[in-house]
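Asks: Hey, dropping my_file.txt in here, compact mmCIF, C-alpha atoms:
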```txt
# COMPACT_ATOMS: atom_id res chain seq x y z
CA MET A 1 -2.46 29.26 -7.16
CA GLN A 2 -1.11 27.10 -4.36
CA PRO A 3 -3.54 25.78 -1.75
CA THR A 4 -3.72 27.57 1.59
CA HIS A 5 -2.55 24.46 3.45
CA PHE A 6 0.58 23.39 1.60
CA THR A 7 3.74 22.84 3.64
CA PRO A 8 7.00 21.24 2.45
CA VAL A 9 7.76 17.76 3.81
CA PRO A 10 11.47 16.92 4.22
CA LEU A 11 12.44 14.24 1.73
CA ASP A 12 13.63 11.88 4.47
CA LYS A 13 10.08 11.87 5.87
CA ALA A 14 8.31 11.54 2.51
CA TYR A 15 7.93 7.74 2.83
CA ARG A 16 5.59 8.36 5.77
CA LEU A 17 3.07 9.93 3.41
CA LEU A 18 2.52 6.50 1.81
CA SER A 19 3.35 3.90 4.48
CA HIS A 20 -0.23 3.76 5.74
CA GLY A 21 -1.36 2.55 2.31
CA PRO A 22 -3.63 5.35 1.03
CA THR A 23 -5.30 5.49 -2.34
CA VAL A 24 -3.61 8.09 -4.55
CA LEU A 25 -4.34 10.31 -7.50
CA VAL A 26 -1.68 10.16 -10.22
CA SER A 27 -1.25 13.39 -12.21
CA ALA A 28 0.99 14.06 -15.17
CA SER A 29 1.42 16.46 -18.06
CA HIS A 30 3.06 16.41 -21.48
CA GLY A 31 2.80 18.62 -24.52
CA GLY A 32 0.26 20.87 -22.85
CA VAL A 33 -2.05 17.98 -21.93
CA ASP A 34 -2.78 17.34 -18.24
CA ASN A 35 -4.44 14.26 -16.83
CA VAL A 36 -5.28 12.67 -13.49
CA MET A 37 -6.26 9.09 -12.62
CA SER A 38 -6.73 7.28 -9.34
CA ALA A 39 -4.59 4.34 -8.26
CA ALA A 40 -5.00 1.99 -5.32
CA TRP A 41 -1.68 0.29 -5.94
CA ALA A 42 1.02 2.75 -4.96
CA CYS A 43 3.58 1.94 -2.29
CA ALA A 44 6.70 3.30 -0.63
CA LEU A 45 9.87 1.52 -1.76
CA ASP A 46 12.78 3.23 0.01
CA PHE A 47 13.62 5.82 2.66
CA ALA A 48 16.48 7.98 1.35
CA PRO A 49 16.39 8.90 -1.38
CA PRO A 50 12.68 8.15 -1.14
CA LYS A 51 11.35 5.89 -3.84
CA VAL A 52 7.87 4.66 -4.66
CA THR A 53 6.19 2.08 -6.85
CA VAL A 54 2.93 2.63 -8.69
CA VAL A 55 0.97 0.40 -11.05
CA LEU A 56 -0.21 2.20 -14.21
CA ASP A 57 -2.32 0.25 -16.67
CA LYS A 58 -1.29 0.42 -20.33
CA ALA A 59 -4.81 1.52 -21.32
CA THR A 60 -4.56 4.85 -19.46
CA ARG A 61 -3.82 8.28 -20.92
CA THR A 62 -2.01 9.22 -17.70
CA ARG A 63 0.51 6.44 -18.29
CA GLU A 64 1.23 7.85 -21.75
CA LEU A 65 1.93 11.25 -20.18
CA VAL A 66 4.18 9.66 -17.52
CA GLU A 67 6.14 7.75 -20.16
CA ALA A 68 6.52 10.84 -22.33
CA SER A 69 7.52 13.25 -19.55
CA GLY A 70 9.29 10.93 -17.10
CA CYS A 71 7.52 12.73 -14.26
CA PHE A 72 4.30 12.51 -12.32
CA ALA A 73 2.82 13.37 -8.95
CA LEU A 74 1.12 11.18 -6.39
CA GLN A 75 -1.35 12.92 -4.11
CA LEU A 76 -3.61 11.66 -1.36
CA PRO A 77 -7.29 12.48 -1.80
CA THR A 78 -9.41 13.04 1.29
CA VAL A 79 -12.80 11.69 2.34
CA THR A 80 -14.53 14.67 0.71
CA GLN A 81 -12.86 13.76 -2.59
CA ALA A 82 -14.04 10.13 -2.65
CA ALA A 83 -16.57 10.60 -5.48
CA MET A 84 -14.04 12.51 -7.60
CA THR A 85 -11.45 9.80 -6.92
CA VAL A 86 -13.78 7.11 -8.23
CA ALA A 87 -14.80 9.28 -11.20
CA VAL A 88 -11.25 9.98 -12.45
CA GLY A 89 -10.46 6.29 -12.03
CA THR A 90 -13.51 5.26 -14.05
CA ASP A 91 -13.59 7.79 -16.89
CA SER A 92 -10.66 7.80 -19.30
CA ALA A 93 -9.53 10.97 -21.05
CA LYS A 94 -9.50 8.83 -24.18
CA THR A 95 -13.29 8.64 -24.18
CA VAL A 96 -14.16 11.57 -21.86
CA PRO A 97 -11.74 14.30 -22.97
CA ASP A 98 -13.12 16.84 -20.45
CA LYS A 99 -12.98 14.45 -17.50
CA LEU A 100 -11.03 16.85 -15.26
CA GLN A 101 -13.51 19.71 -15.75
CA ARG A 102 -16.46 17.36 -15.54
CA HIS A 103 -15.37 16.02 -12.17
CA GLY A 104 -14.23 19.34 -10.72
CA VAL A 105 -10.51 18.56 -10.61
CA ALA A 106 -8.63 21.83 -10.03
CA LEU A 107 -4.90 21.75 -10.79
CA PHE A 108 -2.01 23.94 -9.66
CA GLU A 109 1.67 23.99 -10.46
CA ALA A 110 4.16 22.11 -8.30
CA PRO A 111 6.63 24.76 -7.04
CA GLY A 112 9.96 24.18 -8.75
CA HIS A 113 8.41 21.53 -10.99
CA PRO A 114 6.38 23.53 -13.47
CA SER A 115 5.64 20.58 -15.72
CA THR A 116 3.94 18.54 -12.97
CA PRO A 117 0.34 19.48 -12.18
CA LEU A 118 -0.94 18.89 -8.64
CA VAL A 119 -4.56 18.44 -7.54
CA HIS A 120 -6.16 20.94 -5.16
CA GLY A 121 -7.75 19.72 -1.94
CA CYS A 122 -5.53 16.72 -1.24
CA ALA A 123 -3.84 15.84 2.06
CA ALA A 124 -0.31 15.42 0.64
CA TRP A 125 1.59 15.57 -2.63
CA LEU A 126 4.75 13.84 -3.92
CA VAL A 127 6.50 14.82 -7.16
CA CYS A 128 8.21 11.76 -8.64
CA ARG A 129 10.75 11.14 -11.39
CA VAL A 130 10.58 7.77 -13.16
CA ILE A 131 13.62 5.52 -12.84
CA PRO A 132 13.44 3.78 -16.22
CA GLU A 133 12.93 0.04 -15.77
CA PRO A 134 11.46 -1.08 -19.10
CA HIS A 135 11.01 -4.72 -18.10
CA ASN A 136 8.95 -3.84 -15.00
CA GLN A 137 6.91 -1.31 -16.94
CA GLN A 138 6.12 -3.71 -19.78
CA ALA A 139 5.72 -6.99 -17.91
CA TYR A 140 4.02 -5.72 -14.73
CA ASP A 141 2.81 -2.13 -15.46
CA LEU A 142 5.07 -1.29 -12.50
CA PHE A 143 6.81 2.10 -12.36
CA ILE A 144 9.66 2.70 -9.92
CA SER A 145 10.28 6.36 -9.20
CA GLU A 146 12.26 8.68 -6.97
CA VAL A 147 10.40 11.26 -4.92
CA VAL A 148 12.02 14.63 -5.63
CA ALA A 149 9.70 16.94 -3.66
CA ALA A 150 6.84 16.56 -1.18
CA TRP A 151 4.27 18.69 0.61
CA ALA A 152 1.37 18.11 2.97
CA ASP A 153 -1.62 19.89 4.44
CA GLU A 154 -0.08 20.76 7.80
CA ARG A 155 -3.45 20.31 9.51
CA VAL A 156 -3.05 16.52 9.01
CA PHE A 157 0.72 15.98 8.59
CA ARG A 158 3.30 17.99 10.46
CA ASN A 159 6.72 17.46 12.07
CA GLY A 160 7.00 14.22 10.12
CA HIS A 161 3.79 12.66 11.51
CA TRP A 162 0.19 12.22 10.50
CA GLU A 163 -2.11 13.98 12.97
CA PHE A 164 -5.53 12.87 11.79
CA ASP A 165 -6.94 12.73 15.31
CA THR A 166 -6.70 16.49 15.83
CA ALA A 167 -7.93 17.49 12.35
CA PRO A 168 -11.40 17.58 10.79
CA ASP A 169 -12.56 14.09 9.81
CA GLU A 170 -13.15 15.20 6.22
CA LEU A 171 -9.37 15.49 5.82
CA ARG A 172 -8.80 11.79 6.49
CA THR A 173 -7.25 9.87 3.62
CA LEU A 174 -8.88 7.00 1.71
CA HIS A 175 -8.14 3.29 1.37
CA TYR A 176 -9.80 1.73 -1.66
CA VAL A 177 -11.48 -1.65 -1.69
CA ALA A 178 -13.61 -2.06 -4.84
CA GLY A 179 -16.82 -0.91 -6.47
CA GLY A 180 -16.90 2.64 -5.13
CA GLN A 181 -16.11 1.59 -1.57
CA PHE A 182 -13.28 2.97 0.54
CA TYR A 183 -12.35 2.96 4.18
CA ALA A 184 -11.22 6.21 5.74
CA THR A 185 -8.02 6.21 7.73
CA GLY A 186 -9.25 5.36 11.23
CA ALA A 187 -8.32 5.61 14.88
CA SER A 188 -4.72 6.00 15.98
CA VAL A 189 -3.23 2.84 17.51
CA ARG A 190 -0.07 3.41 19.56
CA VAL A 191 2.07 0.58 20.87
CA MET T 192 -4.37 -26.43 14.00
CA GLN T 193 -6.24 -24.05 11.73
CA PRO T 194 -7.94 -21.00 13.26
CA THR T 195 -11.68 -21.16 13.85
CA HIS T 196 -12.31 -18.29 11.44
CA PHE T 197 -10.45 -19.29 8.29
CA THR T 198 -12.37 -19.26 5.00
CA PRO T 199 -10.93 -19.61 1.49
CA VAL T 200 -10.91 -16.46 -0.65
CA PRO T 201 -11.29 -17.02 -4.42
CA LEU T 202 -8.04 -16.08 -6.14
CA ASP T 203 -9.76 -13.51 -8.36
CA LYS T 204 -10.76 -11.61 -5.22
CA ALA T 205 -7.39 -11.93 -3.45
CA TYR T 206 -6.21 -8.47 -4.56
CA ARG T 207 -8.97 -6.97 -2.40
CA LEU T 208 -7.18 -8.23 0.70
CA LEU T 209 -4.36 -5.74 0.02
CA SER T 210 -5.89 -2.87 -1.94
CA HIS T 211 -6.71 -0.89 1.21
CA GLY T 212 -3.01 -0.74 2.05
CA PRO T 213 -2.71 -2.72 5.30
CA THR T 214 0.48 -3.49 7.15
CA VAL T 215 1.39 -7.17 6.77
CA LEU T 216 3.32 -9.89 8.52
CA VAL T 217 5.67 -11.82 6.23
CA SER T 218 6.23 -15.44 7.22
CA ALA T 219 8.53 -18.01 5.65
CA SER T 220 10.23 -21.30 6.39
CA HIS T 221 13.28 -23.17 5.14
CA GLY T 222 15.25 -26.11 6.47
CA GLY T 223 13.05 -26.38 9.54
CA VAL T 224 13.49 -22.71 10.47
CA ASP T 225 10.40 -20.49 10.61
CA ASN T 226 10.41 -16.73 10.85
CA VAL T 227 8.01 -13.79 10.76
CA MET T 228 8.65 -10.10 10.21
CA SER T 229 6.36 -7.12 9.69
CA ALA T 230 6.33 -5.05 6.52
CA ALA T 231 4.54 -1.79 5.78
CA TRP T 232 5.50 -1.87 2.12
CA ALA T 233 3.43 -4.60 0.50
CA CYS T 234 1.07 -3.88 -2.38
CA ALA T 235 -1.22 -5.57 -4.86
CA LEU T 236 0.24 -5.72 -8.37
CA ASP T 237 -2.28 -7.60 -10.53
CA PHE T 238 -5.78 -9.10 -10.51
CA ALA T 239 -5.61 -12.50 -12.22
CA PRO T 240 -3.47 -14.29 -11.59
CA PRO T 241 -3.10 -12.15 -8.48
CA LYS T 242 0.36 -10.76 -7.90
CA VAL T 243 1.88 -8.71 -5.10
CA THR T 244 5.01 -6.73 -4.38
CA VAL T 245 6.76 -6.65 -1.02
CA VAL T 246 9.95 -4.93 0.12
CA LEU T 247 12.25 -7.21 2.14
CA ASP T 248 15.45 -5.70 3.53
CA LYS T 249 18.67 -7.62 2.94
CA ALA T 250 19.43 -7.59 6.66
CA THR T 251 16.45 -9.77 7.56
CA ARG T 252 16.41 -13.48 8.31
CA THR T 253 12.95 -13.75 6.76
CA ARG T 254 14.35 -12.60 3.42
CA GLU T 255 16.94 -15.38 3.57
CA LEU T 256 14.14 -17.91 4.09
CA VAL T 257 12.11 -16.43 1.22
CA GLU T 258 15.10 -16.57 -1.12
CA ALA T 259 15.90 -20.15 -0.10
CA SER T 260 12.34 -21.51 -0.33
CA GLY T 261 10.83 -19.29 -3.04
CA CYS T 262 7.66 -19.04 -0.94
CA PHE T 263 6.22 -16.87 1.81
CA ALA T 264 2.91 -15.75 3.22
CA LEU T 265 1.54 -12.28 3.75
CA GLN T 266 -1.03 -11.93 6.50
CA LEU T 267 -2.90 -8.95 7.88
CA PRO T 268 -2.52 -8.40 11.63
CA THR T 269 -5.41 -6.88 13.54
CA VAL T 270 -5.58 -4.06 16.08
CA THR T 271 -5.07 -6.52 18.93
CA GLN T 272 -1.82 -7.65 17.30
CA ALA T 273 -0.29 -4.17 17.01
CA ALA T 274 2.32 -4.68 19.72
CA MET T 275 3.36 -8.06 18.30
CA THR T 276 3.55 -6.52 14.83
CA VAL T 277 5.98 -3.86 16.04
CA ALA T 278 7.97 -6.43 18.04
CA VAL T 279 8.55 -8.85 15.14
CA GLY T 280 9.52 -5.90 12.96
CA THR T 281 12.01 -4.63 15.53
CA ASP T 282 13.68 -7.82 16.79
CA SER T 283 15.66 -9.86 14.29
CA ALA T 284 15.97 -13.62 14.60
CA LYS T 285 19.66 -13.03 13.98
CA THR T 286 20.04 -11.42 17.42
CA VAL T 287 16.86 -12.66 19.15
CA PRO T 288 16.64 -16.32 18.06
CA ASP T 289 13.48 -16.97 20.10
CA LYS T 290 11.66 -13.88 18.84
CA LEU T 291 8.52 -15.78 17.79
CA GLN T 292 8.09 -17.43 21.20
CA ARG T 293 9.03 -14.24 23.00
CA HIS T 294 6.33 -12.24 21.22
CA GLY T 295 3.64 -14.92 21.33
CA VAL T 296 3.54 -15.65 17.60
CA ALA T 297 1.62 -18.90 17.07
CA LEU T 298 2.04 -20.55 13.67
CA PHE T 299 -0.07 -23.05 11.76
CA GLU T 300 0.34 -24.82 8.45
CA ALA T 301 -1.13 -23.36 5.26
CA PRO T 302 -3.50 -26.06 3.93
CA GLY T 303 -1.97 -27.49 0.77
CA HIS T 304 1.23 -25.54 1.34
CA PRO T 305 2.91 -27.39 4.19
CA SER T 306 6.18 -25.48 3.94
CA THR T 307 4.57 -22.08 4.49
CA PRO T 308 3.75 -21.18 8.10
CA LEU T 309 0.83 -18.84 8.77
CA VAL T 310 0.29 -16.65 11.84
CA HIS T 311 -2.74 -17.22 14.08
CA GLY T 312 -5.12 -14.37 14.82
CA CYS T 313 -4.79 -12.43 11.57
CA ALA T 314 -7.64 -11.09 9.43
CA ALA T 315 -6.45 -12.63 6.14
CA TRP T 316 -3.64 -14.73 4.69
CA LEU T 317 -2.06 -14.97 1.23
CA VAL T 318 0.40 -17.70 0.24
CA CYS T 319 2.80 -16.35 -2.38
CA ARG T 320 5.37 -17.84 -4.75
CA VAL T 321 8.30 -15.63 -5.74
CA ILE T 322 8.61 -14.75 -9.43
CA PRO T 323 12.39 -14.51 -9.66
CA GLU T 324 13.45 -11.01 -10.66
CA PRO T 325 17.06 -10.77 -9.48
CA HIS T 326 17.58 -7.15 -10.54
CA ASN T 327 14.56 -5.92 -8.55
CA GLN T 328 15.54 -8.02 -5.56
CA GLN T 329 19.13 -6.77 -5.51
CA ALA T 330 18.69 -3.15 -6.56
CA TYR T 331 15.43 -2.35 -4.75
CA ASP T 332 14.82 -5.18 -2.21
CA LEU T 333 11.59 -5.62 -4.18
CA PHE T 334 10.02 -9.08 -4.51
CA ILE T 335 7.33 -9.75 -7.10
CA SER T 336 5.21 -12.81 -6.32
CA GLU T 337 2.12 -14.65 -7.43
CA VAL T 338 -0.61 -15.33 -4.88
CA VAL T 339 -1.37 -19.06 -5.03
CA ALA T 340 -3.87 -19.37 -2.16
CA ALA T 341 -5.78 -17.00 0.12
CA TRP T 342 -8.03 -17.14 3.18
CA ALA T 343 -9.76 -14.64 5.43
CA ASP T 344 -11.54 -14.43 8.75
CA GLU T 345 -15.09 -14.45 7.40
CA ARG T 346 -16.23 -12.14 10.21
CA VAL T 347 -14.36 -9.30 8.43
CA PHE T 348 -14.07 -10.44 4.78
CA ARG T 349 -16.78 -12.42 3.03
CA ASN T 350 -18.31 -12.67 -0.45
CA GLY T 351 -15.31 -10.78 -1.80
CA HIS T 352 -15.74 -7.73 0.45
CA TRP T 353 -14.36 -6.35 3.68
CA GLU T 354 -17.11 -6.02 6.28
CA PHE T 355 -15.33 -4.22 9.10
CA ASP T 356 -18.41 -2.22 10.06
CA THR T 357 -20.32 -5.28 11.24
CA ALA T 358 -17.40 -6.97 13.03
CA PRO T 359 -15.74 -6.32 16.38
CA ASP T 360 -13.40 -3.32 16.18
CA GLU T 361 -10.48 -5.41 17.43
CA LEU T 362 -10.53 -7.25 14.10
CA ARG T 363 -9.78 -4.09 12.10
CA THR T 364 -6.53 -4.15 10.16
CA LEU T 365 -3.55 -1.86 10.71
CA HIS T 366 -1.87 0.85 8.64
CA TYR T 367 1.65 1.64 9.81
CA VAL T 368 3.10 5.12 10.06
CA ALA T 369 6.33 5.08 12.08
CA GLY T 370 7.66 4.71 15.63
CA GLY T 371 5.07 2.28 16.93
CA GLN T 372 2.14 4.21 15.55
CA PHE T 373 -0.56 2.78 13.31
CA TYR T 374 -3.99 3.83 12.16
CA ALA T 375 -6.75 1.25 12.25
CA THR T 376 -8.86 0.79 9.15
CA GLY T 377 -11.64 3.32 9.70
CA ALA T 378 -15.16 4.14 8.63
CA SER T 379 -16.63 2.86 5.39
CA VAL T 380 -16.95 5.52 2.69
CA ARG T 381 -19.31 4.65 -0.17
CA VAL T 382 -19.63 6.70 -3.31
```
Spell out the structure here as structure tokens.

Replies:
Amino acid sequence: MQPTHFTPVPLDKAYRLLSHGPTVLVSASHGGVDNVMSAAWACALDFAPPKVTVVLDKATRTRELVEASGCFALQLPTVTQAAMTVAVGTDSAKTVPDKLQRHGVALFEAPGHPSTPLVHGCAAWLVCRVIPEPHNQQAYDLFISEVVAAWADERVFRNGHWEFDTAPDELRTLHYVAGGQFYATGASVRV
Amino acid sequence: MQPTHFTPVPLDKAYRLLSHGPTVLVSASHGGVDNVMSAAWACALDFAPPKVTVVLDKATRTRELVEASGCFALQLPTVTQAAMTVAVGTDSAKTVPDKLQRHGVALFEAPGHPSTPLVHGCAAWLVCRVIPEPHNQQAYDLFISEVVAAWADERVFRNGHWEFDTAPDELRTLHYVAGGQFYATGASVRV
């Protein structure tokens, strides 16, 4: 079931979901197996069509699912999801097969993209299709992808803009540092 | 002259300067010409040796200097530099030749890297050497580079960690959204 706060974001505004540099959760599915990992190294790459880069280590199960399916989702966890974000980035499904259940990760189906699971409770979601670049993937663990659909919790992103200042602080997005430490997205600075 | 607060960062900790997703200033020099532009789309790519990605539009003078010299610096502007950051991202040296003077950008020499200018007043600096990847550069405006030296203002980054909570708020880094709006790096979230 879709979340209550789940509003489409026009594709030409999708880059704004990543420009502020948030930590993301990467989700993917193949052959009936779902998985989710966290990633600090995801970045917008282009405006229209929107493209993104994400670094996926060869040791991860999620990368195997991305390579097999050619699809994945990036989603932006909130402050209340910080512990889960660390947990799904620490535990691998290779050694902790029930990691999603163990860490309370609830999935739902991306509308129009039934093979891409999304994570409940996030601030925004981007469904991405891999643009095959074998050299980048092998040499740098770098995946270039096109964003084919996007949504956001309209309490924090609406009319093409983040509106963290008028929303509950627990909906702020996360910026990873290291060792279980993040910074929340902070005060608005307007020039 | 070097800034007062300018402390070397060990290369194996350099990725932590970018993992929280800050907006950067890109500086480069070639043939006696210096330039600086802002970029929201820079990202860590690897730990050791540290590597980064940055998107540099073909229309920019700074990209020409990067391509000619093979070197550039990324540096993290602070909240007090928000207006300058927007200005050097809006004005091009191609049409505003005195853009650095006009926007009060003061440069200094990167120690040991005399051909790479750094910007005064930032929170951290990374000197980078381009790893030539012509396909990425042409098709995606994407530059992959190795970080060869790094420094930080030790009031905000020391012993391998950001310490924004104990420093003046005006030293917080910036996260760009669009249209002259940023978010400052916010509250620490520890799991």

Asks: Name all residues at most 12 Å from T:Tyr367 (count all atoms listed in the file; drop same-chain ones fewer than 6 positions away) and give them as a PyMOL selection string.

Replies: (chain A and resi 15-22+44+161-162+185-191) or (chain T and resi 212-216+229-233+267-270+273-274+276-277+280+373-376)

Asks: Grab the atom CA of T:Gly223 to atom CA of T:Thr251 distance for me, in Å with one decimal place.

Replies: 17.1 Å

Asks: Just the number, please: distance in Å from atom CA of A:Val9 to atom CA of A:Thr80, one decimal.

Replies: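 Rounded to one decimal, the two atoms are 22.7 Å apart.
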
Asks: Could you check the closest approach to T:Gly261 for each of T:Ser336, T:Gln193, T:Thr244, T:Gln329 and tell me which residue wins, using only C-alpha atoms?

Replies: T:Ser336

Asks: Near stretch 63-66 of chain A, counting all atoms listed in the file, which residues have an atom at most 9 Å away, once you skip same-chain residues fewer than 2 positions from it, shown as a ChimeraX atom specification?

Replies: /A:27-31,33-35,56-61,68-72,130

Asks: So, with all atoms listed in the file as the atoms that count, which of T:Ala340, T:Val287, T:Cys234, T:Val279 lies closest to chain A?

Replies: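 Using all atoms listed in the file, the shortest distance to chain A belongs to T:Cys234.
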
Asks: To one decimal in Å, tell me the separation between atom CA of T:Arg346 and atom CA of T:Glu300.

Replies: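 The value is 20.9 Å.
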
Asks: When you count all atoms listed in the file, which of these residues is closest to chain A: T:Leu265, T:Val338, T:Ile322, T:Leu202?

Replies: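 Of T:Leu265, T:Val338, T:Ile322, T:Leu202, the one nearest chain A, counting all atoms listed in the file, is T:Ile322.
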
Asks: Skipping near chain neighbours, those fewer than 6 positions away, what residues fall within 10 Å of T:Ala301 using only C-alpha atoms, listed as a VMD selection string?

Replies: chain T and resid 192 to 193 264 307 to 310 316 to 318 340 to 342

Asks: Go through A:Pro111, A:Pro10, A:Gly104, A:Pro49 one by one, measure the shortest atom-to-atom distance of each to chain T using only C-alpha atoms, and give the residue with the smallest value.

Replies: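 Under the stated criterion, the closest residue is A:Pro49.
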
Asks: Would you kindly return, as an NGL selection string, each protein, DNA or RNA residue with an atom no farther than 10 Å from any atom of T:Lys204, considering only C-alpha atoms and excluding same-chain residues fewer than 6 positions away?

Replies: (:A and (178)) or (:T and (238-239 or 241 or 341 or 350-352))

Asks: Find, counting all atoms listed in the file, the residue in T:Gly371, T:Pro359, T:Ala278, T:Lys285 that gets nearest to T:Asp344.

Replies: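 Among T:Gly371, T:Pro359, T:Ala278, T:Lys285, it is T:Pro359 that comes nearest to T:Asp344.
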
Asks: Name the closest residue to T:Lys290 among the candidates T:Val347, T:Met228, T:Cys319, T:Leu333; distances are taken between atoms, counting all atoms listed in the file.

Replies: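 The answer is T:Met228, which sits nearest to T:Lys290.
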